[in-house]
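Below: model.pdb (PDB, C-alpha atoms, pLDDT in the B column)
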```pdb
ATOM      1  CA  MET A  11     -43.565-106.791 -85.059  1.00 53.00           C
ATOM      2  CA  ASN A  12     -40.940-105.637 -82.578  1.00 57.00           C
ATOM      3  CA  GLU A  13     -38.309-105.463 -85.320  1.00 67.00           C
ATOM      4  CA  LYS A  14     -40.324-102.809 -87.194  1.00 69.00           C
ATOM      5  CA  HIS A  15     -41.626-101.020 -84.084  1.00 68.00           C
ATOM      6  CA  LYS A  16     -38.743-100.993 -81.605  1.00 72.00           C
ATOM      7  CA  ASN A  17     -40.676 -99.084 -78.933  1.00 81.00           C
ATOM      8  CA  SER A  18     -43.659-101.430 -78.949  1.00 87.00           C
ATOM      9  CA  LYS A  19     -44.510-103.337 -75.791  1.00 92.00           C
ATOM     10  CA  LEU A  20     -46.774-106.315 -75.282  1.00 93.00           C
ATOM     11  CA  TYR A  21     -48.427-106.722 -71.898  1.00 95.00           C
ATOM     12  CA  ILE A  22     -50.227-110.010 -71.334  1.00 94.00           C
ATOM     13  CA  LEU A  23     -52.760-109.913 -68.529  1.00 92.00           C
ATOM     14  CA  GLY A  24     -54.233-112.992 -66.910  1.00 89.00           C
ATOM     15  CA  GLN A  25     -53.006-116.269 -65.550  1.00 87.00           C
ATOM     16  CA  GLY A  26     -52.910-119.582 -67.315  1.00 90.00           C
ATOM     17  CA  PRO A  27     -51.130-122.927 -67.452  1.00 94.00           C
ATOM     18  CA  LEU A  28     -48.760-121.754 -70.217  1.00 92.00           C
ATOM     19  CA  LYS A  29     -47.245-118.832 -68.285  1.00 93.00           C
ATOM     20  CA  GLU A  30     -43.962-120.621 -67.530  1.00 94.00           C
ATOM     21  CA  ASP A  31     -43.676-121.838 -71.136  1.00 96.00           C
ATOM     22  CA  LEU A  32     -44.337-118.316 -72.443  1.00 95.00           C
ATOM     23  CA  GLN A  33     -41.763-116.835 -70.071  1.00 97.00           C
ATOM     24  CA  ALA A  34     -39.198-119.393 -71.234  1.00 97.00           C
ATOM     25  CA  ILE A  35     -39.797-118.393 -74.866  1.00 97.00           C
ATOM     26  CA  ILE A  36     -39.562-114.690 -73.967  1.00 96.00           C
ATOM     27  CA  ASP A  37     -36.263-115.374 -72.153  1.00 97.00           C
ATOM     28  CA  GLU A  38     -34.909-117.505 -75.009  1.00 97.00           C
ATOM     29  CA  LEU A  39     -35.686-114.784 -77.581  1.00 95.00           C
ATOM     30  CA  ASP A  40     -34.328-112.064 -75.265  1.00 95.00           C
ATOM     31  CA  LEU A  41     -37.610-110.116 -75.389  1.00 94.00           C
ATOM     32  CA  ASN A  42     -37.958-109.291 -71.686  1.00 95.00           C
ATOM     33  CA  HIS A  43     -37.666-105.593 -72.569  1.00 94.00           C
ATOM     34  CA  SER A  44     -40.710-105.818 -74.886  1.00 93.00           C
ATOM     35  CA  ILE A  45     -43.009-108.551 -73.568  1.00 94.00           C
ATOM     36  CA  HIS A  46     -44.335-108.520 -70.022  1.00 95.00           C
ATOM     37  CA  LEU A  47     -46.490-111.200 -68.381  1.00 96.00           C
ATOM     38  CA  LEU A  48     -48.390-109.294 -65.708  1.00 94.00           C
ATOM     39  CA  GLY A  49     -50.544-112.137 -64.434  1.00 92.00           C
ATOM     40  CA  GLN A  50     -53.923-111.543 -62.826  1.00 92.00           C
ATOM     41  CA  LEU A  51     -54.547-107.892 -61.929  1.00 92.00           C
ATOM     42  CA  GLU A  52     -57.128-106.975 -59.316  1.00 92.00           C
ATOM     43  CA  ASN A  53     -58.112-103.894 -61.312  1.00 91.00           C
ATOM     44  CA  PRO A  54     -56.897-104.152 -64.921  1.00 93.00           C
ATOM     45  CA  PHE A  55     -58.877-101.108 -66.109  1.00 92.00           C
ATOM     46  CA  SER A  56     -56.470 -98.440 -64.877  1.00 90.00           C
ATOM     47  CA  PHE A  57     -53.678-100.307 -66.676  1.00 93.00           C
ATOM     48  CA  MET A  58     -55.715-100.874 -69.842  1.00 93.00           C
ATOM     49  CA  GLU A  59     -56.532 -97.161 -70.128  1.00 91.00           C
ATOM     50  CA  LYS A  60     -52.805 -96.425 -70.504  1.00 92.00           C
ATOM     51  CA  CYS A  61     -52.391 -98.773 -73.476  1.00 93.00           C
ATOM     52  CA  ASP A  62     -52.534 -97.768 -77.131  1.00 90.00           C
ATOM     53  CA  CYS A  63     -54.729-100.693 -78.101  1.00 93.00           C
ATOM     54  CA  PHE A  64     -56.346-103.855 -76.793  1.00 96.00           C
ATOM     55  CA  VAL A  65     -55.848-107.196 -78.542  1.00 96.00           C
ATOM     56  CA  LEU A  66     -58.006-110.278 -78.042  1.00 96.00           C
ATOM     57  CA  SER A  67     -56.327-113.157 -79.860  1.00 95.00           C
ATOM     58  CA  SER A  68     -58.684-115.940 -78.804  1.00 93.00           C
ATOM     59  CA  HIS A  69     -59.490-118.960 -80.930  1.00 93.00           C
ATOM     60  CA  TYR A  70     -62.782-119.312 -79.039  1.00 93.00           C
ATOM     61  CA  GLU A  71     -64.857-117.118 -76.731  1.00 90.00           C
ATOM     62  CA  GLY A  72     -68.315-117.660 -75.290  1.00 89.00           C
ATOM     63  CA  GLN A  73     -69.184-114.071 -74.374  1.00 89.00           C
ATOM     64  CA  PRO A  74     -66.056-111.886 -74.588  1.00 93.00           C
ATOM     65  CA  MET A  75     -66.832-109.538 -71.687  1.00 93.00           C
ATOM     66  CA  VAL A  76     -63.313-108.150 -71.919  1.00 94.00           C
ATOM     67  CA  LEU A  77     -64.201-106.682 -75.332  1.00 96.00           C
ATOM     68  CA  LEU A  78     -67.180-104.891 -73.817  1.00 95.00           C
ATOM     69  CA  GLU A  79     -64.892-103.607 -71.066  1.00 95.00           C
ATOM     70  CA  ALA A  80     -62.297-102.357 -73.570  1.00 96.00           C
ATOM     71  CA  MET A  81     -65.071-100.757 -75.636  1.00 96.00           C
ATOM     72  CA  THR A  82     -66.435 -99.026 -72.525  1.00 95.00           C
ATOM     73  CA  LEU A  83     -62.941 -97.629 -71.892  1.00 95.00           C
ATOM     74  CA  GLY A  84     -62.905 -96.269 -75.463  1.00 93.00           C
ATOM     75  CA  MET A  85     -59.873 -98.322 -76.466  1.00 94.00           C
ATOM     76  CA  LYS A  86     -58.730 -99.089 -79.992  1.00 93.00           C
ATOM     77  CA  ILE A  87     -59.447-102.805 -80.353  1.00 95.00           C
ATOM     78  CA  MET A  88     -58.142-105.613 -82.517  1.00 96.00           C
ATOM     79  CA  ALA A  89     -59.602-109.108 -82.207  1.00 97.00           C
ATOM     80  CA  THR A  90     -59.540-112.367 -84.083  1.00 98.00           C
ATOM     81  CA  ASP A  91     -62.492-112.844 -86.403  1.00 97.00           C
ATOM     82  CA  ILE A  92     -64.385-115.511 -84.511  1.00 97.00           C
ATOM     83  CA  VAL A  93     -68.154-115.598 -84.019  1.00 96.00           C
ATOM     84  CA  ALA A  94     -68.294-114.124 -80.498  1.00 96.00           C
ATOM     85  CA  ASN A  95     -65.809-111.322 -81.249  1.00 97.00           C
ATOM     86  CA  ARG A  96     -67.557-110.515 -84.535  1.00 97.00           C
ATOM     87  CA  THR A  97     -70.880-110.323 -82.702  1.00 95.00           C
ATOM     88  CA  VAL A  98     -69.670-108.025 -79.915  1.00 96.00           C
ATOM     89  CA  LEU A  99     -67.678-105.801 -82.277  1.00 97.00           C
ATOM     90  CA  GLU A 100     -70.679-105.762 -84.648  1.00 95.00           C
ATOM     91  CA  ASN A 101     -68.733-107.002 -87.680  1.00 96.00           C
ATOM     92  CA  GLY A 102     -65.918-104.499 -87.162  1.00 94.00           C
ATOM     93  CA  LYS A 103     -67.970-101.442 -86.212  1.00 95.00           C
ATOM     94  CA  TYR A 104     -66.175-101.150 -82.832  1.00 96.00           C
ATOM     95  CA  GLY A 105     -62.852-102.855 -83.547  1.00 95.00           C
ATOM     96  CA  LEU A 106     -60.579-104.294 -86.188  1.00 95.00           C
ATOM     97  CA  LEU A 107     -61.307-107.958 -86.893  1.00 97.00           C
ATOM     98  CA  VAL A 108     -58.378-109.992 -88.212  1.00 97.00           C
ATOM     99  CA  GLU A 109     -57.914-113.489 -89.549  1.00 97.00           C
ATOM    100  CA  ASN A 110     -57.623-116.019 -86.717  1.00 97.00           C
ATOM    101  CA  SER A 111     -53.982-116.870 -87.455  1.00 97.00           C
ATOM    102  CA  ILE A 112     -50.476-115.702 -86.614  1.00 95.00           C
ATOM    103  CA  ASP A 113     -50.320-113.947 -89.982  1.00 97.00           C
ATOM    104  CA  GLY A 114     -53.677-112.252 -89.328  1.00 96.00           C
ATOM    105  CA  LEU A 115     -52.537-111.061 -85.906  1.00 95.00           C
ATOM    106  CA  GLU A 116     -49.233-109.773 -87.302  1.00 93.00           C
ATOM    107  CA  LYS A 117     -50.957-107.841 -90.098  1.00 93.00           C
ATOM    108  CA  GLY A 118     -53.507-106.449 -87.657  1.00 92.00           C
ATOM    109  CA  LEU A 119     -50.828-105.318 -85.208  1.00 90.00           C
ATOM    110  CA  SER A 120     -48.981-103.592 -88.056  1.00 88.00           C
ATOM    111  CA  THR A 121     -52.201-101.850 -89.033  1.00 88.00           C
ATOM    112  CA  MET A 122     -52.807-100.737 -85.447  1.00 88.00           C
ATOM    113  CA  ALA A 123     -49.202 -99.545 -85.030  1.00 86.00           C
ATOM    114  CA  SER A 124     -49.291 -97.560 -88.267  1.00 83.00           C
ATOM    115  CA  ASN A 125     -52.558 -95.866 -87.253  1.00 74.00           C
ATOM    116  CA  ASP A 126     -53.869 -96.935 -90.646  1.00 66.00           C
ATOM    117  CA  ASN A 127     -56.883 -98.580 -89.035  1.00 64.00           C
ATOM    118  CA  PRO A 128     -60.394 -97.751 -90.136  1.00 68.00           C
ATOM    119  CA  LYS A 129     -62.492 -95.158 -88.312  1.00 82.00           C
ATOM    120  CA  LEU A 130     -64.353 -97.034 -85.591  1.00 88.00           C
ATOM    121  CA  ALA A 131     -67.642 -96.100 -83.970  1.00 91.00           C
ATOM    122  CA  LYS A 132     -67.730 -94.870 -80.383  1.00 93.00           C
ATOM    123  CA  PHE A 133     -69.371 -97.440 -78.126  1.00 93.00           C
ATOM    124  CA  ASP A 134     -72.313 -96.146 -76.089  1.00 92.00           C
ATOM    125  CA  TYR A 135     -72.368 -98.431 -73.055  1.00 90.00           C
ATOM    126  CA  THR A 136     -75.435 -96.688 -71.614  1.00 91.00           C
ATOM    127  CA  GLN A 137     -77.462 -97.492 -74.716  1.00 91.00           C
ATOM    128  CA  TYR A 138     -76.034-101.040 -74.773  1.00 87.00           C
ATOM    129  CA  ASN A 139     -77.022-101.605 -71.130  1.00 87.00           C
ATOM    130  CA  GLY A 140     -80.507-100.239 -71.810  1.00 90.00           C
ATOM    131  CA  LEU A 141     -81.012-102.603 -74.749  1.00 86.00           C
ATOM    132  CA  ALA A 142     -79.650-105.535 -72.743  1.00 83.00           C
ATOM    133  CA  MET A 143     -82.008-104.805 -69.840  1.00 90.00           C
ATOM    134  CA  GLU A 144     -84.942-104.395 -72.231  1.00 89.00           C
ATOM    135  CA  SER A 145     -84.151-107.741 -73.820  1.00 86.00           C
ATOM    136  CA  PHE A 146     -83.821-109.363 -70.380  1.00 84.00           C
ATOM    137  CA  ASN A 147     -87.096-107.885 -69.121  1.00 88.00           C
ATOM    138  CA  LYS A 148     -88.984-109.217 -72.171  1.00 87.00           C
ATOM    139  CA  CYS A 149     -88.083-112.716 -71.015  1.00 87.00           C
ATOM    140  CA  LEU A 150     -89.594-112.212 -67.576  1.00 80.00           C
TER     141      LEU A 150
END
```

Before we go any further, please render this structure as structure tokens.
Amino acid sequence: MNEKHKNSKLYILGQGPLKEDLQAIIDELDLNHSIHLLGQLENPFSFMEKCDCFVLSSHYEGQPMVLLEAMTLGMKIMATDIVANRTVLENGKYGLLVENSIDGLEKGLSTMASNDNPKLAKFDYTQYNGLAMESFNKCL
């Protein structure tokens, strides 16, 4: 990806047990100018708003709240096509769903970088919250 799009940057937010391993790979491939491990941010939203797109590359998610957050910010979104992501993104209505593989992620990133991505719907978080509360209240 970086070979075709020299100015692209990857910022990885969050903290996990593979951080040191990832940093070692980044160092070994001399990609410190393009890939940045930011760790846990107290308020990631101000950073996310400055990014061109949001990528969720999970193999599994229970309820991907971070997708709802990115949608609320109005971000362009790419996510692996797994059940939870497909559900939140409503089968691609709110974000590009890609095959859950390295090849799928690479093709999706190329699509996002080329601005060739499909027209996505604007997420109405107020309506979403209203429907969620209505659904919750029915259970009471």

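The two atoms in question, CA of Met88 (chain A) and CA of Met143 (chain A), are spaced 27.0 Å apart.
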
- Message: For the provided coordinates, the residues matched by the PyMOL selection byres ((chain A and resi 36-50) around 7) should be stated as a PyMOL selection string.
- Response: chain A and resi 18-25+32-35+51-52

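Residues matched by the PyMOL selection byres ((chain A and resi 132-137) around 8) in this file: Met81, Thr82, Gly84, Tyr104, Leu130, Ala131, Tyr138, Asn139, Gly140 and Leu141 of chain A.
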
If you count only C-alpha atoms, which residues fall within 8 Å of Phe64 (chain A), apart from same-chain ones fewer than 3 positions away, as a PDB file with C-alpha atoms, keeping the file's coordinate frame?
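Writing the result to part_31.pdb gives the following:
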```pdb
ATOM      1  CA  MET A  58     -55.715-100.874 -69.842  1.00 93.00           C
ATOM      2  CA  CYS A  61     -52.391 -98.773 -73.476  1.00 93.00           C
ATOM      3  CA  ALA A  80     -62.297-102.357 -73.570  1.00 96.00           C
ATOM      4  CA  MET A  85     -59.873 -98.322 -76.466  1.00 94.00           C
ATOM      5  CA  LYS A  86     -58.730 -99.089 -79.992  1.00 93.00           C
ATOM      6  CA  ILE A  87     -59.447-102.805 -80.353  1.00 95.00           C
ATOM      7  CA  MET A  88     -58.142-105.613 -82.517  1.00 96.00           C
TER       8      MET A  88
END
```

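CA of Thr90 (chain A) lies 5.8 Å from CA of Glu109 (chain A).
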
- Query: Contacts of Asn125 (chain A) at 12 Å or less, counting all atoms listed in the file, minus same-chain residues fewer than 3 places along, as a count of residues only?
  - Reply: 13

- What does the distance between CA of Leu83 (chain A) and CA of Cys149 (chain A) come to in Å, to one decimal place? 29.3 Å

- Message: Need the shell around His69 (chain A): protein/DNA/RNA residues with any atom at most 10 Å away, counting only C-alpha atoms. Skip same-chain ones fewer than 4 positions apart. Format as a PyMOL selection string?
- Response: chain A and resi 89-93+95+110-111
